[in-house]
Amino acid sequence: MKNISIIGAGKIGGAIAHLLAETGDYRVTVADRSAEQLAKLATHPGIATALVDITHSNALDAHLHGQFAVLSAAPFHMTGAIAESAARSGCHYLDLTEDVATTKKVEALAEGARTAFIPQGGLAPGFISIVAHDLAQRFETLDSVRMRVGALPQYPSNALNYNLTWSTDGLINEYIEPCEAIVEGRMISVPAMEEREEFSLDGVTYEAFNTSGGLGTLAKTLEGRVRTMNYRTIRYPGHQAIIKALLNDFNLKNRRDVLKDLFENALPATMQDVVVIFVTVCGWREGRYMQETYANKVYAGTVATKKMSAIQITTAAGICAVLDLLAEGALPQSGFVRQEEISLDAFLANRFGQLYQSPAAPIARKRHEYAAA
């Protein structure tokens with residue numbers, strides 16, 4: 001069994017802990033600086049908790065000593081400190097961040113490291129990069145890569161057509177920070193909330209627009225090989241116009257605390273959500289201009305006896321599958337590891353990756369095939 005520390009006892013951290021503990025193949029400890037947050041975790045015999053202030057480097061280093069890996073489910077602005085501690089403590093590092101600056105910091109820490117640093121391991125970035133890279137490899141010459149992902153309420157009932165489904169801080173960061181894109185073969189920065197488009201899937205109309213972080217490291221990987229590449233967040237029509245008014249006309253992009261308070265007290269959370277994944281790649285193969293598309297919808301459901309939202313399932317399954325592949329030796333054991341280095345077939349064949357196809361599927365136990373940490 002391998003010792004795993006999860007930093008952050010929120011909904012995503014709790015979901016990750018539950019999935020890993022259910023296998024019986026990992027010793028899981030969830031750490032948080034909030035005793036109240038730790039107390040909210042569903043009790044499980046395979047999950048221990050630890051009260052750790054991650055802003056104190058010595059305390060965090062002591063906690064990570066002897067761990068096989070640390071998985072950060074903390075707010076994006078705290079993730080860099082966790083990566084630094086992982087480097088000092090000599091354990092593998094995985095995170096869910098969509099923050100571009102944090103990922104660049106993690107990449108710098110990974111230089112010469114004896115352990116693996118694998119950021120952006122959730123849904124988007126994360127699974128979306130694995131899918132897009134797999135489709136891209138099917139072409140002799142690439143033209144365009146378009147990645148679209150959204151976590152949406154199944155039953156929208158307000159003007160925004162939206163309910164909170166994950167981190168409010170992460171949501172705001174995506175709506176405000178600059179976005180990476182490849183235009184005419186060059187990687188550039190484009191503004192968030194712009195370049196709105198509409199498309200339909202299974203008879204439902206959606207809008208999509210630029211948000212930050214979703215491309216992950218794939219933009220750097222494919223720069224110079226693709227003419228156009230972009231990432232956009234999916235919402236129901238009407239959402240973008242209202243958000244832009246709040247950010248720009250009310251200047252809430254410069255008052256994030258006010259915007260967060262507004263979201264958390266006016267937008268109810270929901271567990272009845274759906275994650276929409278839509279990736280389209282165009283290019284040339286055998287002299288013909290062709291298109292390959294991956295489309296999927298993952299709904300909320302019960303996973304290993306625990307009711308989870310769709311965003312919990314997809315995010316937790318993503319990072320757990322990557323951890324499993326790392327533990328099996330299927331991924332590089334040191335240095336910076338990009339999500340697009342992971343095979344889509346290997347991901348979907350993994351016991352956690354299978355949740356993208358069927359959330360109700362049982363999570364297999366490997367009967368302690370892994371060496372002790």
# chains A, B, ... in the order shown; residues from 1 in each chain; ligands from 1
>>> closest_atom_pairs(of="segment 288-339 of chain A", to="segment 73-83 of chain A", cutoff="12 Å", atoms="only C-alpha atoms", output="tab-separated table")
residue	atom	partner	partner_atom	distance
A:Gln312	CA	A:Ala73	CA	11.5
A:Thr315	CA	A:Ala73	CA	10.1
A:Ala316	CA	A:Ala73	CA	9.5
A:Ile319	CA	A:Ala73	CA	9.9
A:Cys320	CA	A:Ala73	CA	11.9
A:Phe336	CA	A:Ala83	CA	11.8
>>> write_last_selection(atoms="C-alpha atoms", output="short mmCIF file (atom, residue, chain, number, x, y, z; two decimals), in the first residue's frame")
data_model
loop_
_atom_site.label_atom_id
_atom_site.label_comp_id
_atom_site.auth_asym_id
_atom_site.auth_seq_id
_atom_site.Cartn_x
_atom_site.Cartn_y
_atom_site.Cartn_z
CA GLN A 312 -16.83 15.57 -8.55
CA THR A 315 -12.39 15.69 -11.56
CA ALA A 316 -11.70 13.05 -8.91
CA ILE A 319 -6.49 12.69 -10.87
CA CYS A 320 -7.05 9.23 -9.34
CA PHE A 336 7.61 17.28 -15.28
#
>>> residues_around(residues="Tyr231 of chain A", least_positions_apart="3", cutoff="12 Å", atoms="only C-alpha atoms", output="MDAnalysis selection string")
chainID A and resid 98 124:125 128:129 132 144:150 174 178:182 189:197 208:219 228 234 277:280
>>> atom_distance(atom1="atom CA of Glu22 of chain A", atom2="atom CA of Leu164 of chain A")
26.9 Å
>>> residues_around(residues="segment 133-142 of chain A", least_positions_apart="5", cutoff="8 Å", atoms="only C-alpha atoms", output="PDB file with N, CA, C and O atoms, in the first residue's frame")
ATOM      1  N   LEU A 218      -0.913  21.636 -23.300  1.00  0.00           N
ATOM      2  CA  LEU A 218      -1.069  21.144 -24.671  1.00  0.00           C
ATOM      3  C   LEU A 218      -0.759  22.221 -25.705  1.00  0.00           C
ATOM      4  O   LEU A 218      -0.288  21.901 -26.807  1.00  0.00           O
ATOM      5  N   ARG A 225       2.648  23.107 -34.735  1.00  0.00           N
ATOM      6  CA  ARG A 225       2.129  21.937 -35.446  1.00  0.00           C
ATOM      7  C   ARG A 225       0.658  22.089 -35.825  1.00  0.00           C
ATOM      8  O   ARG A 225       0.129  21.289 -36.595  1.00  0.00           O
ATOM      9  N   VAL A 226      -0.011  23.092 -35.255  1.00  0.00           N
ATOM     10  CA  VAL A 226      -1.435  23.275 -35.508  1.00  0.00           C
ATOM     11  C   VAL A 226      -1.697  24.745 -35.825  1.00  0.00           C
ATOM     12  O   VAL A 226      -1.060  25.631 -35.256  1.00  0.00           O
ATOM     13  N   ARG A 227      -2.614  24.999 -36.752  1.00  0.00           N
ATOM     14  CA  ARG A 227      -2.891  26.381 -37.143  1.00  0.00           C
ATOM     15  C   ARG A 227      -3.739  27.094 -36.099  1.00  0.00           C
ATOM     16  O   ARG A 227      -3.454  28.239 -35.715  1.00  0.00           O
ATOM     17  N   VAL A 281     -11.139  17.898 -33.677  1.00  0.00           N
ATOM     18  CA  VAL A 281      -9.827  18.090 -34.297  1.00  0.00           C
ATOM     19  C   VAL A 281      -9.972  17.897 -35.806  1.00  0.00           C
ATOM     20  O   VAL A 281     -10.589  16.921 -36.255  1.00  0.00           O
ATOM     21  N   CYS A 282      -9.423  18.827 -36.578  1.00  0.00           N
ATOM     22  CA  CYS A 282      -9.440  18.735 -38.036  1.00  0.00           C
ATOM     23  C   CYS A 282      -8.009  18.718 -38.574  1.00  0.00           C
ATOM     24  O   CYS A 282      -7.111  19.332 -37.986  1.00  0.00           O
ATOM     25  N   GLY A 283      -7.820  18.028 -39.687  1.00  0.00           N
ATOM     26  CA  GLY A 283      -6.504  17.972 -40.295  1.00  0.00           C
ATOM     27  C   GLY A 283      -6.517  17.093 -41.528  1.00  0.00           C
ATOM     28  O   GLY A 283      -7.582  16.694 -42.023  1.00  0.00           O
ATOM     29  N   TRP A 284      -5.334  16.784 -42.028  1.00  0.00           N
ATOM     30  CA  TRP A 284      -5.208  16.007 -43.250  1.00  0.00           C
ATOM     31  C   TRP A 284      -4.695  14.604 -42.952  1.00  0.00           C
ATOM     32  O   TRP A 284      -3.783  14.411 -42.158  1.00  0.00           O
ATOM     33  N   ARG A 285      -5.332  13.634 -43.587  1.00  0.00           N
ATOM     34  CA  ARG A 285      -4.933  12.238 -43.466  1.00  0.00           C
ATOM     35  C   ARG A 285      -5.144  11.570 -44.822  1.00  0.00           C
ATOM     36  O   ARG A 285      -6.249  11.631 -45.384  1.00  0.00           O
ATOM     37  N   GLU A 286      -4.076  10.976 -45.345  1.00  0.00           N
ATOM     38  CA  GLU A 286      -4.109  10.299 -46.644  1.00  0.00           C
ATOM     39  C   GLU A 286      -4.659  11.220 -47.740  1.00  0.00           C
ATOM     40  O   GLU A 286      -5.471  10.820 -48.581  1.00  0.00           O
ATOM     41  N   GLU A 292     -12.176  14.568 -36.607  1.00  0.00           N
ATOM     42  CA  GLU A 292     -12.414  13.565 -35.559  1.00  0.00           C
ATOM     43  C   GLU A 292     -13.011  14.288 -34.355  1.00  0.00           C
ATOM     44  O   GLU A 292     -12.526  15.365 -33.976  1.00  0.00           O
ATOM     45  N   THR A 293     -14.046  13.697 -33.761  1.00  0.00           N
ATOM     46  CA  THR A 293     -14.733  14.352 -32.646  1.00  0.00           C
ATOM     47  C   THR A 293     -14.921  13.382 -31.487  1.00  0.00           C
ATOM     48  O   THR A 293     -15.217  12.202 -31.698  1.00  0.00           O
ATOM     49  N   GLU A 340      -0.903  15.329 -21.626  1.00  0.00           N
ATOM     50  CA  GLU A 340      -0.964  14.770 -22.968  1.00  0.00           C
ATOM     51  C   GLU A 340       0.031  13.634 -23.191  1.00  0.00           C
ATOM     52  O   GLU A 340      -0.009  12.968 -24.232  1.00  0.00           O
ATOM     53  N   SER A 343      -1.735   8.091 -22.317  1.00  0.00           N
ATOM     54  CA  SER A 343      -2.526   7.464 -23.367  1.00  0.00           C
ATOM     55  C   SER A 343      -4.007   7.480 -23.011  1.00  0.00           C
ATOM     56  O   SER A 343      -4.387   7.129 -21.885  1.00  0.00           O
ATOM     57  N   LEU A 344      -4.847   7.884 -23.972  1.00  0.00           N
ATOM     58  CA  LEU A 344      -6.292   7.870 -23.733  1.00  0.00           C
ATOM     59  C   LEU A 344      -6.778   6.446 -23.481  1.00  0.00           C
ATOM     60  O   LEU A 344      -7.611   6.218 -22.593  1.00  0.00           O
TER      61      LEU A 344
END
>>> select_by_dssp(residues="segment 30-110 of chain A", states="strand (DSSP E or B)", output="PyMOL selection string")
chain A and resi 30-32+47-51+69-72+92-95
>>> residues_around(residues="Ala269 of chain A", least_positions_apart="3", cutoff="10 Å", atoms="only C-alpha atoms", output="PDB file with N, CA, C and O atoms, in the first residue's frame")
ATOM      1  N   PRO A 153     -25.797  22.833 -14.584  1.00  0.00           N
ATOM      2  CA  PRO A 153     -26.945  22.245 -13.878  1.00  0.00           C
ATOM      3  C   PRO A 153     -27.846  21.508 -14.865  1.00  0.00           C
ATOM      4  O   PRO A 153     -28.035  21.948 -16.001  1.00  0.00           O
ATOM      5  N   TYR A 162     -27.379  28.850 -14.361  1.00  0.00           N
ATOM      6  CA  TYR A 162     -26.176  28.270 -13.762  1.00  0.00           C
ATOM      7  C   TYR A 162     -26.378  28.056 -12.274  1.00  0.00           C
ATOM      8  O   TYR A 162     -27.095  28.795 -11.604  1.00  0.00           O
ATOM      9  N   ASN A 163     -25.735  27.012 -11.767  1.00  0.00           N
ATOM     10  CA  ASN A 163     -25.613  26.775 -10.327  1.00  0.00           C
ATOM     11  C   ASN A 163     -24.153  26.498 -10.022  1.00  0.00           C
ATOM     12  O   ASN A 163     -23.407  26.020 -10.879  1.00  0.00           O
ATOM     13  N   LEU A 164     -23.748  26.794  -8.797  1.00  0.00           N
ATOM     14  CA  LEU A 164     -22.373  26.492  -8.405  1.00  0.00           C
ATOM     15  C   LEU A 164     -22.194  24.985  -8.317  1.00  0.00           C
ATOM     16  O   LEU A 164     -22.988  24.280  -7.694  1.00  0.00           O
ATOM     17  N   THR A 165     -21.143  24.511  -8.953  1.00  0.00           N
ATOM     18  CA  THR A 165     -20.859  23.079  -8.927  1.00  0.00           C
ATOM     19  C   THR A 165     -19.458  22.781  -8.435  1.00  0.00           C
ATOM     20  O   THR A 165     -19.132  21.628  -8.179  1.00  0.00           O
ATOM     21  N   TRP A 166     -18.585  23.813  -8.315  1.00  0.00           N
ATOM     22  CA  TRP A 166     -17.218  23.567  -7.862  1.00  0.00           C
ATOM     23  C   TRP A 166     -16.667  24.834  -7.234  1.00  0.00           C
ATOM     24  O   TRP A 166     -17.419  25.705  -6.800  1.00  0.00           O
ATOM     25  N   PHE A 263     -21.792  35.382  -5.830  1.00  0.00           N
ATOM     26  CA  PHE A 263     -22.019  34.039  -6.356  1.00  0.00           C
ATOM     27  C   PHE A 263     -22.480  33.078  -5.266  1.00  0.00           C
ATOM     28  O   PHE A 263     -23.437  32.313  -5.455  1.00  0.00           O
ATOM     29  N   GLU A 264     -21.796  33.098  -4.134  1.00  0.00           N
ATOM     30  CA  GLU A 264     -22.064  32.093  -3.107  1.00  0.00           C
ATOM     31  C   GLU A 264     -23.353  32.349  -2.331  1.00  0.00           C
ATOM     32  O   GLU A 264     -23.873  31.432  -1.691  1.00  0.00           O
ATOM     33  N   ASN A 265     -23.858  33.568  -2.394  1.00  0.00           N
ATOM     34  CA  ASN A 265     -25.100  33.870  -1.661  1.00  0.00           C
ATOM     35  C   ASN A 265     -26.307  34.077  -2.559  1.00  0.00           C
ATOM     36  O   ASN A 265     -27.424  34.220  -2.054  1.00  0.00           O
ATOM     37  N   ALA A 266     -26.080  34.093  -3.875  1.00  0.00           N
ATOM     38  CA  ALA A 266     -27.198  34.270  -4.801  1.00  0.00           C
ATOM     39  C   ALA A 266     -27.371  33.081  -5.743  1.00  0.00           C
ATOM     40  O   ALA A 266     -28.457  32.880  -6.281  1.00  0.00           O
ATOM     41  N   GLN A 272     -27.103  18.071  -8.844  1.00  0.00           N
ATOM     42  CA  GLN A 272     -27.748  17.551 -10.053  1.00  0.00           C
ATOM     43  C   GLN A 272     -27.165  18.263 -11.272  1.00  0.00           C
ATOM     44  O   GLN A 272     -27.768  19.168 -11.834  1.00  0.00           O
ATOM     45  N   ASP A 273     -25.971  17.846 -11.648  1.00  0.00           N
ATOM     46  CA  ASP A 273     -25.275  18.523 -12.741  1.00  0.00           C
ATOM     47  C   ASP A 273     -24.905  17.545 -13.844  1.00  0.00           C
ATOM     48  O   ASP A 273     -25.080  16.330 -13.725  1.00  0.00           O
TER      49      ASP A 273
END
>>> residues_around(residues="Gly301 of chain A", least_positions_apart="3", cutoff="12 Å", atoms="only C-alpha atoms", output="list in words")
Met271, Gln272, Asp273, Val274, Val275, Val298, Ala304, Thr305, Lys306, Lys307, Met308, Ser309, Ala310, Ile311, Gln312, Ile313, Thr314, Leu355, Tyr356, Ser358, Pro359, Ala360 and Ala361 of chain A
>>> residues_around(residues="Glu107 of chain A", least_positions_apart="6", cutoff="12 Å", atoms="only C-alpha atoms", output="list in words")
Gly80, Ala83, Glu84, Ala87, Tyr93, Leu94, Val100, Ala101, Ala113, Ala116, Phe117, Ile118, Pro119, Gln120, Gly216, Thr217, Ser334, Gly335, Phe336, Val337 and Arg338 of chain A
>>> closest_residue(among="A:Ala9, A:Ile172, A:Gln240, A:Cys91", to="Arg255 of chain A", atoms="only C-alpha atoms")
A:Ile172
>>> select_by_dssp(residues="segment 52-171 of chain A", states="helix (DSSP H, G or I)", output="ChimeraX atom specification")
/A:57-64,76-89,100-110,127-136,168-171
